[in-house]
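The data block below is my_file06.cif; it holds mmCIF, C-alpha atoms.
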data_input
#
loop_
_atom_site.label_atom_id
_atom_site.label_comp_id
_atom_site.auth_asym_id
_atom_site.auth_seq_id
_atom_site.Cartn_x
_atom_site.Cartn_y
_atom_site.Cartn_z
CA MET A 1 14.23 24.70 21.24
CA LYS A 2 11.91 24.50 18.27
CA VAL A 3 12.78 23.28 14.81
CA ASP A 4 13.15 26.02 12.20
CA HIS A 5 13.04 25.64 8.42
CA SER A 6 16.00 23.25 8.61
CA THR A 7 13.39 20.59 9.29
CA LEU A 8 12.00 21.23 5.84
CA THR A 9 15.42 20.98 4.23
CA PHE A 10 15.92 17.53 5.71
CA PHE A 11 13.07 16.33 3.51
CA SER A 12 13.83 18.52 0.52
CA SER A 13 17.64 18.09 0.21
CA GLY A 14 18.08 21.81 0.88
CA THR A 15 17.74 23.15 -2.69
CA PRO A 16 14.93 23.18 -5.27
CA GLY A 17 17.03 20.96 -7.54
CA GLY A 18 17.76 18.57 -4.69
CA SER A 19 14.10 18.55 -3.74
CA ARG A 20 13.09 17.56 -7.27
CA ARG A 21 15.78 14.87 -7.44
CA LEU A 22 14.59 13.41 -4.15
CA GLN A 23 10.98 13.58 -5.33
CA TYR A 24 11.82 11.78 -8.59
CA ALA A 25 13.89 9.18 -6.73
CA VAL A 26 11.05 8.39 -4.34
CA ILE A 27 8.55 8.17 -7.21
CA ALA A 28 10.87 5.90 -9.21
CA LEU A 29 11.42 3.61 -6.21
CA SER A 30 7.67 3.48 -5.54
CA LEU A 31 6.99 2.54 -9.17
CA LEU A 32 9.62 -0.22 -8.98
CA VAL A 33 7.87 -1.62 -5.91
CA PHE A 34 4.56 -1.44 -7.76
CA LEU A 35 5.93 -3.28 -10.82
CA ALA A 36 7.54 -5.98 -8.67
CA LEU A 37 4.31 -6.61 -6.80
CA LEU A 38 2.35 -6.51 -10.06
CA PHE A 39 4.54 -9.22 -11.57
CA TYR A 40 4.24 -11.30 -8.41
CA ALA A 41 0.46 -10.86 -8.16
CA ARG A 42 -0.28 -11.85 -11.77
CA GLU A 43 2.33 -14.58 -12.19
CA GLY A 44 0.72 -17.88 -13.10
CA ARG A 45 -2.69 -16.35 -13.81
CA SER A 46 -4.71 -18.64 -16.08
CA THR A 47 -6.36 -17.15 -19.17
CA TYR A 48 -9.16 -18.34 -21.35
CA ASP A 49 -8.34 -19.74 -24.79
CA ARG A 50 -9.98 -17.22 -27.10
CA ASP A 51 -9.04 -19.19 -30.23
CA GLY A 52 -11.07 -22.26 -29.34
CA ALA A 53 -14.72 -22.90 -28.62
CA GLY A 54 -16.55 -20.52 -26.30
CA ILE A 55 -17.99 -17.03 -26.14
CA THR A 56 -16.11 -13.87 -27.06
CA TYR A 57 -17.35 -10.29 -27.24
CA GLU A 58 -16.66 -8.26 -30.36
CA THR A 59 -17.73 -5.04 -32.08
CA ALA A 60 -20.10 -5.08 -35.09
CA ARG A 61 -21.66 -2.46 -37.36
CA VAL A 62 -25.35 -2.46 -38.31
CA LEU A 63 -25.46 -2.63 -42.09
CA ALA A 64 -29.26 -2.66 -42.32
CA VAL A 65 -32.39 -3.03 -40.21
CA LEU A 66 -34.22 -5.68 -42.24
CA ALA A 67 -37.37 -5.64 -40.12
CA ASP A 68 -38.57 -3.63 -37.16
CA ASN A 69 -41.37 -5.23 -35.13
CA THR A 70 -41.20 -2.99 -32.09
CA GLU A 71 -43.88 -0.87 -30.46
CA ALA A 72 -44.08 1.42 -27.44
CA ASP A 73 -45.27 -0.09 -24.16
CA PRO A 74 -47.40 2.48 -22.24
CA SER A 75 -47.10 0.45 -19.03
CA ALA A 76 -43.31 0.84 -19.03
CA GLU A 77 -42.88 4.55 -19.84
CA ASN A 78 -43.26 3.90 -23.60
CA VAL A 79 -40.17 1.70 -23.79
CA LEU A 80 -39.97 -0.11 -27.13
CA ARG A 81 -40.72 -3.83 -27.02
CA GLY A 82 -40.56 -6.47 -29.70
CA SER A 83 -37.77 -7.52 -32.05
CA GLN A 84 -35.59 -6.35 -34.93
CA ASP A 85 -33.98 -8.33 -37.73
CA LEU A 86 -30.48 -6.97 -38.36
CA GLU A 87 -27.69 -7.44 -40.83
CA LEU A 88 -24.34 -6.96 -39.08
CA GLU A 89 -20.71 -6.78 -40.14
CA ILE A 90 -18.30 -8.09 -37.51
CA LEU A 91 -15.44 -5.62 -37.09
CA THR A 92 -13.12 -7.30 -34.56
CA GLY A 93 -11.94 -10.77 -33.64
CA ARG A 94 -11.35 -13.92 -35.67
CA TYR A 95 -14.53 -13.38 -37.74
CA ALA A 96 -13.78 -9.74 -38.64
CA GLY A 97 -15.20 -8.81 -42.05
CA GLU A 98 -17.93 -11.47 -42.05
CA THR A 99 -21.60 -10.54 -42.41
CA VAL A 100 -24.32 -12.16 -40.29
CA ARG A 101 -28.05 -11.83 -39.72
CA VAL A 102 -29.36 -11.73 -36.17
CA SER A 103 -32.60 -11.13 -34.31
CA ASN A 104 -32.47 -8.39 -31.68
CA TYR A 105 -35.12 -8.90 -28.98
CA LEU A 106 -36.16 -5.88 -26.90
CA SER A 107 -37.84 -5.77 -23.50
CA ALA A 108 -38.27 -3.26 -20.70
CA PHE A 109 -34.97 -4.32 -19.12
CA TYR A 110 -32.99 -5.32 -22.21
CA ASN A 111 -33.47 -2.49 -24.64
CA VAL A 112 -30.77 -2.08 -27.29
CA ILE A 113 -32.40 -0.19 -30.16
CA ALA A 114 -30.35 -0.71 -33.35
CA ARG A 115 -30.07 1.87 -36.12
CA GLU A 116 -28.35 1.59 -39.49
CA GLY A 117 -24.65 2.52 -39.26
CA MET A 118 -24.59 2.09 -35.46
CA LYS A 119 -21.86 0.06 -33.77
CA LEU A 120 -22.94 -2.63 -31.32
CA SER A 121 -21.22 -4.98 -28.92
CA VAL A 122 -22.08 -8.58 -29.85
CA SER A 123 -21.41 -11.96 -28.28
CA VAL A 124 -19.96 -14.60 -30.61
CA ASN A 125 -20.52 -18.19 -29.48
CA THR A 126 -18.15 -20.56 -31.29
CA VAL A 127 -19.36 -24.16 -31.12
CA GLU A 128 -16.57 -25.66 -33.22
CA GLU A 129 -14.18 -24.47 -35.90
CA GLY A 130 -16.12 -22.28 -38.35
CA VAL A 131 -19.47 -22.81 -36.61
CA TYR A 132 -20.68 -19.89 -34.53
CA SER A 133 -23.73 -17.81 -33.65
CA VAL A 134 -24.01 -14.08 -32.97
CA SER A 135 -26.36 -12.19 -30.66
CA VAL A 136 -26.63 -8.53 -29.72
CA TYR A 137 -25.05 -7.87 -26.32
CA ASN A 138 -25.21 -4.10 -25.84
CA TYR A 139 -24.39 -0.71 -27.27
CA SER A 140 -20.73 -0.17 -28.19
CA ARG A 141 -19.63 2.30 -25.53
CA ASP A 142 -15.84 1.89 -25.35
CA LEU A 143 -14.94 4.90 -27.51
CA TRP A 144 -17.37 7.14 -25.61
CA ILE A 145 -15.96 6.00 -22.27
CA TRP A 146 -12.40 6.72 -23.41
CA GLY A 147 -13.64 10.06 -24.71
CA PHE A 148 -15.00 11.00 -21.28
CA ILE A 149 -11.72 9.92 -19.68
CA GLY A 150 -9.87 12.10 -22.17
CA LEU A 151 -12.20 15.03 -21.39
CA PHE A 152 -11.49 14.58 -17.69
CA ALA A 153 -7.73 14.57 -18.32
CA LEU A 154 -8.00 17.64 -20.56
CA THR A 155 -10.02 19.49 -17.92
CA LEU A 156 -7.46 18.68 -15.25
CA PHE A 157 -4.66 19.98 -17.45
CA ALA A 158 -6.57 23.10 -18.59
CA VAL A 159 -7.47 24.14 -15.05
CA GLY A 160 -4.51 22.82 -13.09
CA GLY A 161 -1.66 23.04 -15.59
CA ARG A 162 1.41 21.17 -14.39
CA GLN A 163 -0.24 20.40 -11.07
CA GLY A 164 -3.18 18.96 -12.99
CA LEU A 165 -0.83 16.58 -14.79
CA LYS A 166 0.60 15.52 -11.43
CA ALA A 167 -2.93 14.92 -10.15
CA LEU A 168 -3.70 12.82 -13.23
CA LEU A 169 -0.53 10.76 -12.71
CA SER A 170 -1.31 10.14 -9.05
CA LEU A 171 -4.89 9.20 -9.90
CA GLY A 172 -3.68 6.76 -12.53
CA ILE A 173 -1.32 5.11 -10.06
CA THR A 174 -4.11 4.80 -7.49
CA VAL A 175 -6.51 3.23 -10.01
CA PHE A 176 -3.85 0.84 -11.26
CA CYS A 177 -2.97 -0.16 -7.70
CA VAL A 178 -6.57 -1.02 -6.88
CA ILE A 179 -7.43 -2.80 -10.14
CA LEU A 180 -4.13 -4.34 -11.21
CA LEU A 181 -2.51 -4.94 -7.83
CA LEU A 182 -4.96 -5.13 -4.93
CA VAL A 183 -7.53 -7.29 -6.71
CA PRO A 184 -4.98 -9.87 -8.01
CA LEU A 185 -3.30 -10.06 -4.59
CA LEU A 186 -6.66 -10.82 -2.98
CA VAL A 187 -7.94 -13.19 -5.66
CA GLN A 188 -4.86 -14.77 -7.19
CA ARG A 189 -2.62 -14.91 -4.12
CA GLY A 190 -5.21 -15.05 -1.35
CA TRP A 191 -3.60 -12.32 0.77
CA PRO A 192 -5.59 -11.24 3.87
CA PRO A 193 -7.97 -8.50 2.67
CA ILE A 194 -7.80 -5.92 5.49
CA PRO A 195 -4.00 -5.75 6.03
CA THR A 196 -3.43 -5.79 2.27
CA THR A 197 -5.90 -2.95 1.71
CA LEU A 198 -4.40 -0.92 4.56
CA ALA A 199 -0.94 -1.31 3.03
CA MET A 200 -2.31 -0.34 -0.38
CA THR A 201 -3.99 2.82 0.96
CA ALA A 202 -0.79 3.80 2.78
CA TYR A 203 1.24 3.29 -0.40
CA THR A 204 -1.14 5.19 -2.71
CA SER A 205 -1.59 8.12 -0.31
CA PHE A 206 2.18 8.41 0.18
CA VAL A 207 2.91 8.30 -3.57
CA THR A 208 0.09 10.77 -4.28
CA PHE A 209 1.39 13.32 -1.79
CA VAL A 210 4.98 12.94 -3.04
CA ILE A 211 3.89 13.46 -6.65
CA LEU A 212 1.76 16.51 -5.80
CA GLY A 213 3.96 18.23 -3.23
CA GLY A 214 7.37 16.57 -3.17
CA VAL A 215 9.08 15.21 -0.08
CA GLN A 216 8.58 17.81 2.62
CA VAL A 217 7.05 18.16 6.05
CA LYS A 218 3.52 19.00 4.98
CA THR A 219 3.25 16.07 2.56
CA MET A 220 4.72 13.58 5.04
CA ALA A 221 2.41 14.88 7.77
CA ALA A 222 -0.56 14.59 5.40
CA ALA A 223 0.44 11.03 4.47
CA LEU A 224 0.80 9.98 8.12
CA GLY A 225 -2.47 11.68 9.04
CA SER A 226 -4.29 10.09 6.12
CA PHE A 227 -3.17 6.63 7.12
CA GLY A 228 -4.17 7.35 10.71
CA GLY A 229 -7.65 8.43 9.64
CA ILE A 230 -8.09 5.42 7.35
CA LEU A 231 -6.87 3.08 10.09
CA LEU A 232 -9.32 4.57 12.60
CA ALA A 233 -12.17 4.25 10.08
CA GLY A 234 -11.26 0.60 9.57
CA LEU A 235 -11.13 -0.09 13.31
CA LEU A 236 -14.52 1.53 13.83
CA ALA A 237 -16.01 -0.41 10.93
CA TRP A 238 -14.54 -3.66 12.26
CA GLY A 239 -15.94 -3.04 15.73
CA ALA A 240 -19.37 -2.09 14.38
CA CYS A 241 -19.45 -5.19 12.18
CA LYS A 242 -18.67 -7.39 15.17
CA ILE A 243 -21.42 -5.78 17.24
CA VAL A 244 -24.19 -5.93 14.60
CA HIS A 245 -23.00 -9.20 13.00
CA ILE A 246 -22.12 -7.91 9.54
CA SER A 247 -19.42 -9.41 7.36
CA GLY A 248 -18.64 -9.90 3.71
CA MET A 249 -21.08 -12.80 3.74
CA ASN A 250 -23.96 -10.34 4.09
CA MET A 251 -23.16 -8.53 0.85
CA ASP A 252 -25.29 -9.03 -2.25
CA GLU A 253 -22.32 -10.42 -4.17
CA ALA A 254 -21.35 -12.94 -1.47
CA GLU A 255 -22.82 -15.97 -3.27
CA SER A 256 -20.96 -15.21 -6.50
CA LEU A 257 -17.77 -14.48 -4.57
CA LEU A 258 -18.04 -17.82 -2.78
CA LEU A 259 -18.12 -19.58 -6.15
CA THR A 260 -15.03 -17.62 -7.16
CA ALA A 261 -13.26 -18.42 -3.90
CA VAL A 262 -13.57 -22.16 -4.55
CA ASP A 263 -10.82 -21.97 -7.19
CA ASN A 264 -8.43 -19.66 -5.28
CA GLY A 265 -7.59 -18.36 -1.83
CA LEU A 266 -9.98 -15.40 -1.81
CA LYS A 267 -11.14 -14.51 1.71
CA ILE A 268 -14.57 -12.89 1.67
CA ARG A 269 -15.21 -11.87 5.27
CA GLY A 270 -12.95 -8.82 5.23
CA LEU A 271 -13.99 -7.45 1.84
CA PHE A 272 -16.73 -5.24 3.28
CA ILE A 273 -14.28 -3.37 5.50
CA CYS A 274 -11.82 -3.16 2.58
CA GLY A 275 -14.46 -1.31 0.58
CA ILE A 276 -14.90 1.18 3.42
CA LEU A 277 -11.14 1.78 3.59
CA ILE A 278 -10.89 2.44 -0.14
CA ALA A 279 -13.97 4.68 -0.20
CA ALA A 280 -12.75 6.75 2.76
CA GLU A 281 -9.23 7.26 1.40
CA GLY A 282 -10.04 10.04 -1.04
CA ALA A 283 -11.95 12.23 1.42
CA VAL A 284 -9.40 11.59 4.18
CA MET A 285 -6.51 12.61 1.90
CA ASP A 286 -8.39 15.76 0.94
CA ILE A 287 -8.84 17.03 4.47
CA ALA A 288 -5.37 15.85 5.52
CA MET A 289 -3.66 17.90 2.84
CA THR A 290 -5.87 20.91 3.55
CA ILE A 291 -4.89 21.00 7.22
CA SER A 292 -1.23 20.08 6.75
CA SER A 293 -0.73 22.72 4.06
CA ALA A 294 -2.45 25.40 6.15
CA VAL A 295 -0.37 24.60 9.24
CA ALA A 296 2.81 24.68 7.14
CA GLU A 297 1.87 28.11 5.77
CA LEU A 298 1.21 29.42 9.28
CA HIS A 299 4.62 28.20 10.40
CA ALA A 300 6.30 29.74 7.35
CA VAL A 301 4.70 33.12 8.03
CA ASN A 302 5.42 33.01 11.76
CA PRO A 303 8.15 30.50 12.71
CA SER A 304 7.86 31.50 16.37
CA LEU A 305 4.50 29.72 16.73
CA THR A 306 4.70 26.82 19.15
CA ALA A 307 3.38 23.33 18.56
CA PRO A 308 0.23 23.89 20.71
CA GLN A 309 -0.54 27.09 18.81
CA LEU A 310 -0.12 25.38 15.45
CA PHE A 311 -2.25 22.48 16.66
CA ARG A 312 -5.08 24.80 17.71
CA SER A 313 -4.94 26.57 14.34
CA GLY A 314 -5.04 23.23 12.53
CA MET A 315 -8.04 22.17 14.59
CA ASN A 316 -9.89 25.41 13.81
CA ILE A 317 -9.30 24.92 10.10
CA GLY A 318 -10.32 21.28 10.31
CA ARG A 319 -13.58 22.03 12.10
CA ASP A 320 -14.67 24.20 9.19
CA ALA A 321 -13.83 21.51 6.63
CA MET A 322 -14.91 18.31 8.38
CA GLY A 323 -18.64 18.98 8.01
CA THR A 324 -18.56 19.15 4.23
CA MET A 325 -16.15 16.21 4.00
CA ALA A 326 -18.44 14.02 6.11
CA ASN A 327 -21.38 15.06 3.93
CA THR A 328 -19.40 14.12 0.84
CA LEU A 329 -18.89 10.53 1.98
CA VAL A 330 -22.38 9.97 3.39
CA LEU A 331 -24.06 11.43 0.30
CA ALA A 332 -21.84 9.32 -1.96
CA PHE A 333 -23.08 6.17 -0.23
CA ALA A 334 -26.67 7.48 -0.26
CA GLY A 335 -26.45 8.18 -3.99
CA THR A 336 -25.42 4.63 -4.77
CA SER A 337 -28.35 3.36 -2.67
CA LEU A 338 -31.03 5.68 -4.08
CA ASN A 339 -32.87 2.92 -5.94
CA MET A 340 -33.04 0.78 -2.83
CA MET A 341 -34.36 3.72 -0.77
CA ILE A 342 -37.11 4.25 -3.36
CA PHE A 343 -37.94 0.56 -3.17
CA ILE A 344 -38.15 0.68 0.66
CA TYR A 345 -40.40 3.75 0.56
CA ALA A 346 -42.68 2.31 -2.12
CA TYR A 347 -43.29 -0.90 -0.17
CA ASP A 348 -43.75 0.90 3.16
CA VAL A 349 -41.24 -1.26 5.03
CA SER A 350 -41.79 -1.14 8.79
CA TYR A 351 -39.32 0.49 11.18
CA ILE A 352 -38.26 -2.76 12.88
CA GLN A 353 -37.83 -4.60 9.58
CA LEU A 354 -35.95 -1.68 8.04
CA LEU A 355 -33.36 -1.21 10.79
CA ASN A 356 -32.71 -4.94 11.08
CA THR A 357 -32.06 -5.66 7.41
CA ASP A 358 -28.51 -6.37 6.27
CA PHE A 359 -28.75 -3.62 3.66
CA ILE A 360 -29.44 -0.81 6.14
CA ALA A 361 -26.78 -2.02 8.58
CA ILE A 362 -24.24 -2.20 5.77
CA GLU A 363 -24.99 1.29 4.47
CA VAL A 364 -25.03 2.87 7.95
CA ILE A 365 -21.66 1.33 8.84
CA ARG A 366 -20.21 2.36 5.48
CA GLY A 367 -21.29 5.97 5.80
CA LEU A 368 -20.64 6.55 9.49
CA ALA A 369 -17.36 4.67 9.84
CA GLY A 370 -15.87 6.59 6.93
CA SER A 371 -17.22 9.90 8.22
CA ILE A 372 -15.90 9.31 11.74
CA GLY A 373 -12.54 8.47 10.17
CA ILE A 374 -12.60 11.82 8.37
CA VAL A 375 -13.42 13.68 11.59
CA LEU A 376 -10.64 11.92 13.52
CA THR A 377 -8.17 12.70 10.74
CA VAL A 378 -8.38 16.37 11.73
CA PRO A 379 -6.70 16.10 15.17
CA VAL A 380 -4.24 13.47 13.89
CA VAL A 381 -2.98 15.65 11.02
CA ALA A 382 -3.04 18.81 13.13
CA ALA A 383 -0.96 17.11 15.84
CA VAL A 384 1.54 15.51 13.45
CA SER A 385 1.99 18.73 11.46
CA ALA A 386 2.43 20.86 14.58
CA TRP A 387 4.93 18.44 16.10
CA MET A 388 7.00 18.09 12.92
CA LEU A 389 7.09 21.84 12.27
CA ALA A 390 7.66 23.07 15.83
CA SER A 391 9.21 20.35 17.95
CA THR A 392 10.01 21.26 21.57
CA SER A 393 13.02 18.92 21.50
CA GLY A 394 16.56 20.01 20.70
CA PHE A 395 17.03 16.71 18.80
CA THR A 396 16.26 18.04 15.31
CA LEU A 397 16.10 16.34 11.97
CA GLU A 398 18.84 18.69 10.77
CA SER A 399 21.16 17.32 13.45
CA ILE A 400 20.48 13.79 12.21
CA ARG A 401 21.43 14.78 8.68
CA ASN A 402 24.61 16.48 9.88
CA PHE A 403 25.51 13.36 11.83
CA PHE A 404 25.36 11.15 8.75
CA ARG A 405 27.28 13.75 6.71
CA ALA A 406 30.05 13.72 9.29
CA ALA A 407 30.09 9.93 9.38
CA LYS A 408 30.58 9.76 5.61
CA THR A 409 33.65 12.03 5.72
CA ARG A 410 35.45 9.91 8.31
#
Here is a file; write its structure as structure tokens.
Amino acid sequence: MKVDHSTLTFFSSGTPGGSRRLQYAVIALSLLVFLALLFYAREGRSTYDRDGAGITYETARVLAVLADNTEADPSAENVLRGSQDLELEILTGRYAGETVRVSNYLSAFYNVIAREGMKLSVSVNTVEEGVYSVSVYNYSRDLWIWGFIGLFALTLFAVGGRQGLKALLSLGITVFCVILLLVPLLVQRGWPPIPTTLAMTAYTSFVTFVILGGVQVKTMAAALGSFGGILLAGLLAWGACKIVHISGMNMDEAESLLLTAVDNGLKIRGLFICGILIAAEGAVMDIAMTISSAVAELHAVNPSLTAPQLFRSGMNIGRDAMGTMANTLVLAFAGTSLNMMIFIYAYDVSYIQLLNTDFIAIEVIRGLAGSIGIVLTVPVVAAVSAWMLASTSGFTLESIRNFFRAAKTR
């Protein structure tokens, strides 16, 4: 006997109001877990003394360009080279309001061209109380970056309305989990990278689906399928790394990370696979929700469909979507490696040298492991959705709920 829509009401408390209350309760509980872990992860973190000697970074305004000794360099696409003498007013920090004169040196790779009235980011090196020097660090970009973030949020709201706000909230939680929770747990607490990242991806995918769709069959199936796809991608990446002898030690940042690991419990070897898990999560969640939602709609239109029929429909939908999803992940990795590909082409690197470099092995494993994880997400989500919506067992979720209701009245 198959499960009818009572299966859905087990997750949704039976009424729209109950569904929303359950959704809000799950979100609130998830946020409490996040805050508890955040406090634990950052407890005891040492901070630099910004009031003493050392370097701080502040914002300054260009009051005047006193001298401009720059000229275009034809050998470097007419990039300006030379120096500028500037008069700056420091706007932030302990020296706010003070005026200083600095020399701004320009080269092909360090090219901050100052103009009167422009805001710059400057480094302030305090040697002792009241004795400091200022140098130009970079353009002041913080307001522009926040402006682009605001534009992104506005676009989400304008196009998606209430659902866009939910998407923005879920995105914010995911970003905060990675930056404020995952990184401190790995660096400050020395937690094992791969299990910690797997737990974090499971948590963020679950919270995202609950925020976007509430607590119902299709969101739970999508969450389970997403975790399954991410787990399979991680297993494939781990196996490939073992075979071709790639670990976190092969990454470009390994030397700097080793220096960081001296002062804490950071474990570097698993960080490469952690990056694959995080990168694959977004695309896996996308295809998981697509299939789960489609299977749920099919079941709603025709509740007589059996689990095998729903599974076949989910697979057909997934086959159409998996090609573009795989392209998305591979092209994302290729885009970040474009400069290196140009470098390889320009220097005519040989076939044997190319395929045996750490860089190529790393990028191939990144792209293919994530893409295979996306492909394998399709049957996982299709199977979970079909089973949850049309179980062949008479032991239904509704009967479980009725059992606990009866137990409470005794």
Exercise. Pick from A:Thr336, A:Thr357, A:Thr324, A:Asn104: nearest to Tyr137 of chain A, with only C-alpha atoms counted?
Worked result: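 Using only C-alpha atoms, the shortest distance to Tyr137 of chain A belongs to A:Asn104.
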If you apply the PyMOL selection byres ((chain A and resi 126-132) around 8) to this file, what residues do you get, as a short mmCIF file (atom, residue, chain, number, x, y, z; two decimals) with C-alpha atoms, in the coordinates of the input?
data_model
loop_
_atom_site.label_atom_id
_atom_site.label_comp_id
_atom_site.auth_asym_id
_atom_site.auth_seq_id
_atom_site.Cartn_x
_atom_site.Cartn_y
_atom_site.Cartn_z
CA GLY A 52 -11.07 -22.26 -29.34
CA ALA A 53 -14.72 -22.90 -28.62
CA GLY A 54 -16.55 -20.52 -26.30
CA ILE A 55 -17.99 -17.03 -26.14
CA VAL A 124 -19.96 -14.60 -30.61
CA ASN A 125 -20.52 -18.19 -29.48
CA SER A 133 -23.73 -17.81 -33.65
CA VAL A 134 -24.01 -14.08 -32.97
#
Problem set entry | Atomic distance atom CA of Arg162 of chain A - atom CA of Asp320 of chain A, expressed in Å with one decimal | 28.7 Å
For this session: Could you tell me which residues the PyMOL selection byres ((chain A and resi 257) around 12) grabs in this file, written as a ChimeraX atom specification?
Result: /A:186-187,248-256,258-269,271
For this session: Identify all residues satisfying the PyMOL selection byres ((chain A and resi 57) around 12) in the given file; provide them as a PyMOL selection string.
Result: chain A and resi 50+54-56+58-60+90-96+120-126+133-140
Exercise. In terms of the shortest atom-to-atom distance over all atoms listed in the file, which of A:Ala67, A:Val378, A:Ala383, A:Ile273 is closest to Gly239 of chain A?
Worked result: A:Ile273
For this session: Would you work out the distance separating atom CA of Ser83 of chain A from atom CA of Thr99 of chain A, expressed in Å to one decimal?
Result: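 Result for atom CA of Ser83 of chain A versus atom CA of Thr99 of chain A: 19.4 Å, one decimal.
Distance-wise, atom CA of Asn69 of chain A and atom CA of Gly82 of chain A end up 5.6 Å apart.
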For this session: Go through A:Asn356, A:Ser304, A:Ser19, A:Thr290 one by one, measure the shortest atom-to-atom distance of each to Val244 of chain A using all atoms listed in the file, and give the residue with the smallest value.
Result: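 Smallest distance to Val244 of chain A is found for A:Asn356.
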Problem set entry | Which of A:Pro74, A:Gly147, A:Gly213, A:Gly275 sits closest to Leu182 of chain A [using all atoms listed in the file] |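 Checking each of A:Pro74, A:Gly147, A:Gly213, A:Gly275 against Leu182 of chain A, counting all atoms listed in the file, the winner is A:Gly275.
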For this session: Tell me which protein, DNA and RNA residues are within 7 Å of Ala288 of chain A, counting all atoms listed in the file, leaving out same-chain ones fewer than 2 positions away, and put them as a VMD selection string.
Result: chain A and resid 222 225 to 226 284 to 286 290 to 292 377 to 378 381
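For the set A:Leu376, A:Met289, A:Met340, A:Val183, the residue with the smallest atom-to-atom gap to Glu363 of chain A is A:Met340, counting only C-alpha atoms.
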Exercise. Taking all atoms listed in the file into account, which of A:Ile276, A:Ala114, A:Leu389, A:Leu235 comes nearest Asp68 of chain A?
Worked result: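 Closest to Asp68 of chain A, using all atoms listed in the file: A:Ala114.
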